[in-house]
Amino acid sequence: PPFPVGRDWTNIGRAIANGVLREIEREGRRKSVYTRIQGEAAARPGSRQVQTPRGPVWMSPIEAQLYEAMLREGLSPVPQHCIEGYYADFAFPDIRLAVEADGAAYHGENRRQRDRKRDWILARAGWTVKRFHGTTIHQKAGNCAYVVKREVEGRRAQIAVRKRQEEHRRQARRDALLRPFRKLWRFLRRSRGSQ
């Protein structure tokens, strides 16, 4: 039969309920990790709470400096954005770009190895990660923000071109589909006019 009957509805109901429960658990874990990360950030020397469109976020000095520089460039990054279970310092979800501000902790080999794994996971999910060292941000935050701005603008321009191309393809398919009907319509109009 085309529609589930009897026990099939029960199985579908269980599957939906299990999916909802898994999503609730996943969201709970995300919130727990976010709370932990924000607590760690608040405890770091020099960290400060920065007001963002999504609420206050604790940032290290270099994160705050980079964030403010990106705002001056007219960008609207999402701070502490969860991607594949990892929190990127800043993200542009519409173009799948993550921006990381690597502080002094980055210089340890263990940390670099974890970041390479994380970058690999994000790349497999279709994200690009841009990393800036803390010293570079400290000395030239505006330049870092400009690099991010160029990347964001370039990616958004590519997306706009792809959308236009796809719309042209769709229109060409519509025209091809309607062409025989239009010819028939013209033929019928001419036939009526000659009578």
# chains A, B, ... in the order shown; residues from 1 in each chain; ligands from 1
>>> select_by_dssp(residues="segment 27-96 of chain A", states="helix (DSSP H, G or I)", output="PyMOL selection string")
chain A and resi 27-43+61-72
>>> write_last_selection(atoms="N, CA and C atoms", output="compact mmCIF listing (two decimals), in the first residue's frame")
# COMPACT_ATOMS: atom_id res chain seq x y z
N GLU A 27 21.52 19.31 21.33
CA GLU A 27 21.43 20.73 21.68
C GLU A 27 21.88 20.96 23.12
N GLY A 28 21.53 20.05 24.01
CA GLY A 28 21.98 20.14 25.41
C GLY A 28 23.49 20.06 25.51
N ARG A 29 24.09 19.14 24.74
CA ARG A 29 25.56 19.03 24.74
C ARG A 29 26.20 20.31 24.19
N ARG A 30 25.61 20.86 23.11
CA ARG A 30 26.15 22.09 22.52
C ARG A 30 26.12 23.23 23.55
N LYS A 31 24.99 23.36 24.25
CA LYS A 31 24.87 24.41 25.26
C LYS A 31 25.88 24.20 26.39
N SER A 32 26.06 22.96 26.79
CA SER A 32 27.00 22.64 27.85
C SER A 32 28.43 23.00 27.44
N VAL A 33 28.79 22.63 26.23
CA VAL A 33 30.14 22.95 25.73
C VAL A 33 30.30 24.46 25.61
N TYR A 34 29.28 25.14 25.10
CA TYR A 34 29.36 26.60 24.96
C TYR A 34 29.54 27.26 26.33
N THR A 35 28.78 26.81 27.31
CA THR A 35 28.89 27.37 28.66
C THR A 35 30.30 27.15 29.21
N ARG A 36 30.84 25.94 29.00
CA ARG A 36 32.20 25.65 29.46
C ARG A 36 33.22 26.55 28.77
N ILE A 37 33.11 26.69 27.44
CA ILE A 37 34.04 27.51 26.68
C ILE A 37 33.96 28.97 27.13
N GLN A 38 32.76 29.47 27.34
CA GLN A 38 32.60 30.85 27.78
C GLN A 38 33.17 31.03 29.19
N GLY A 39 32.99 30.02 30.05
CA GLY A 39 33.57 30.09 31.40
C GLY A 39 35.09 30.14 31.36
N GLU A 40 35.68 29.31 30.49
CA GLU A 40 37.14 29.32 30.33
C GLU A 40 37.61 30.67 29.79
N ALA A 41 36.88 31.20 28.82
CA ALA A 41 37.25 32.50 28.23
C ALA A 41 37.16 33.61 29.28
N ALA A 42 36.14 33.56 30.12
CA ALA A 42 35.97 34.59 31.15
C ALA A 42 37.10 34.54 32.17
N ALA A 43 37.64 33.34 32.40
CA ALA A 43 38.69 33.17 33.40
C ALA A 43 40.08 33.57 32.88
N PRO A 61 41.63 39.13 24.36
CA PRO A 61 41.96 40.45 23.80
C PRO A 61 42.13 40.42 22.27
N ILE A 62 42.78 39.38 21.74
CA ILE A 62 42.98 39.36 20.28
C ILE A 62 41.67 39.07 19.55
N GLU A 63 40.81 38.24 20.14
CA GLU A 63 39.50 37.99 19.52
C GLU A 63 38.69 39.29 19.48
N ALA A 64 38.68 40.01 20.60
CA ALA A 64 37.94 41.27 20.66
C ALA A 64 38.50 42.28 19.66
N GLN A 65 39.82 42.33 19.55
CA GLN A 65 40.45 43.26 18.62
C GLN A 65 40.09 42.92 17.18
N LEU A 66 40.14 41.63 16.83
CA LEU A 66 39.79 41.20 15.47
C LEU A 66 38.30 41.44 15.20
N TYR A 67 37.46 41.15 16.18
CA TYR A 67 36.02 41.35 16.03
C TYR A 67 35.71 42.82 15.75
N GLU A 68 36.29 43.70 16.54
CA GLU A 68 36.04 45.13 16.36
C GLU A 68 36.57 45.61 15.01
N ALA A 69 37.71 45.08 14.57
CA ALA A 69 38.25 45.46 13.26
C ALA A 69 37.33 44.98 12.13
N MET A 70 36.78 43.77 12.28
CA MET A 70 35.86 43.27 11.25
C MET A 70 34.58 44.12 11.22
N LEU A 71 34.10 44.54 12.39
CA LEU A 71 32.92 45.42 12.43
C LEU A 71 33.21 46.73 11.71
N ARG A 72 34.43 47.28 11.93
CA ARG A 72 34.80 48.54 11.26
C ARG A 72 34.83 48.36 9.73
>>> residues_around(residues="Ile121 of chain A", least_positions_apart="6", cutoff="10 Å", atoms="only C-alpha atoms", output="number ranges by chain")
A: 83-86, 115, 127
>>> write_last_selection(atoms="N, CA, C and O atoms", output="compact mmCIF listing (two decimals), in the first residue's frame")
# COMPACT_ATOMS: atom_id res chain seq x y z
N ILE A 83 30.08 24.57 14.65
CA ILE A 83 30.16 23.90 13.35
C ILE A 83 30.66 22.49 13.61
O ILE A 83 31.77 22.30 14.13
N GLU A 84 29.86 21.51 13.28
CA GLU A 84 30.26 20.10 13.43
C GLU A 84 30.77 19.80 14.85
O GLU A 84 31.72 19.05 15.04
N GLY A 85 30.16 20.42 15.84
CA GLY A 85 30.54 20.18 17.22
C GLY A 85 31.70 21.02 17.72
O GLY A 85 32.09 20.94 18.88
N TYR A 86 32.29 21.85 16.86
CA TYR A 86 33.38 22.73 17.23
C TYR A 86 32.88 24.17 17.20
O TYR A 86 32.03 24.52 16.40
N ASP A 115 44.14 21.57 16.00
CA ASP A 115 43.57 22.53 15.06
C ASP A 115 43.59 22.01 13.62
O ASP A 115 42.67 22.25 12.86
N TRP A 127 33.42 23.90 4.87
CA TRP A 127 33.84 25.18 5.43
C TRP A 127 35.31 25.45 5.10
O TRP A 127 36.11 24.53 4.99
>>> select_by_dssp(residues="segment 12-179 of chain A", states="strand (DSSP E)", output="PyMOL selection string")
chain A and resi 48-52+55-59+78-83+86-92+97-102+128-133
>>> closest_residue(among="A:Thr10, A:Ser60, A:Ser76, A:Gln49", to="Ala145 of chain A", atoms="only C-alpha atoms")
A:Ser76
>>> atom_distance(atom1="atom CA of Phe132 of chain A", atom2="atom CA of Ala101 of chain A")
5.2 Å
>>> closest_residue(among="A:Val148, A:Arg182, A:Arg155, A:Thr135", to="Leu75 of chain A", atoms="only C-alpha atoms")
A:Val148
>>> atom_distance(atom1="atom CA of Arg116 of chain A", atom2="atom CA of Val78 of chain A")
21.7 Å
>>> atom_distance(atom1="atom CA of Thr52 of chain A", atom2="atom CA of Val99 of chain A")
16.2 Å
>>> residues_around(residues="Asp94 of chain A", least_positions_apart="6", cutoff="10 Å", atoms="only C-alpha atoms", output="ChimeraX atom specification")
/A:152,155-156,159
>>> closest_residue(among="A:Arg131, A:Met59, A:Gln51, A:Leu97", to="Glu153 of chain A", atoms="only C-alpha atoms")
A:Leu97
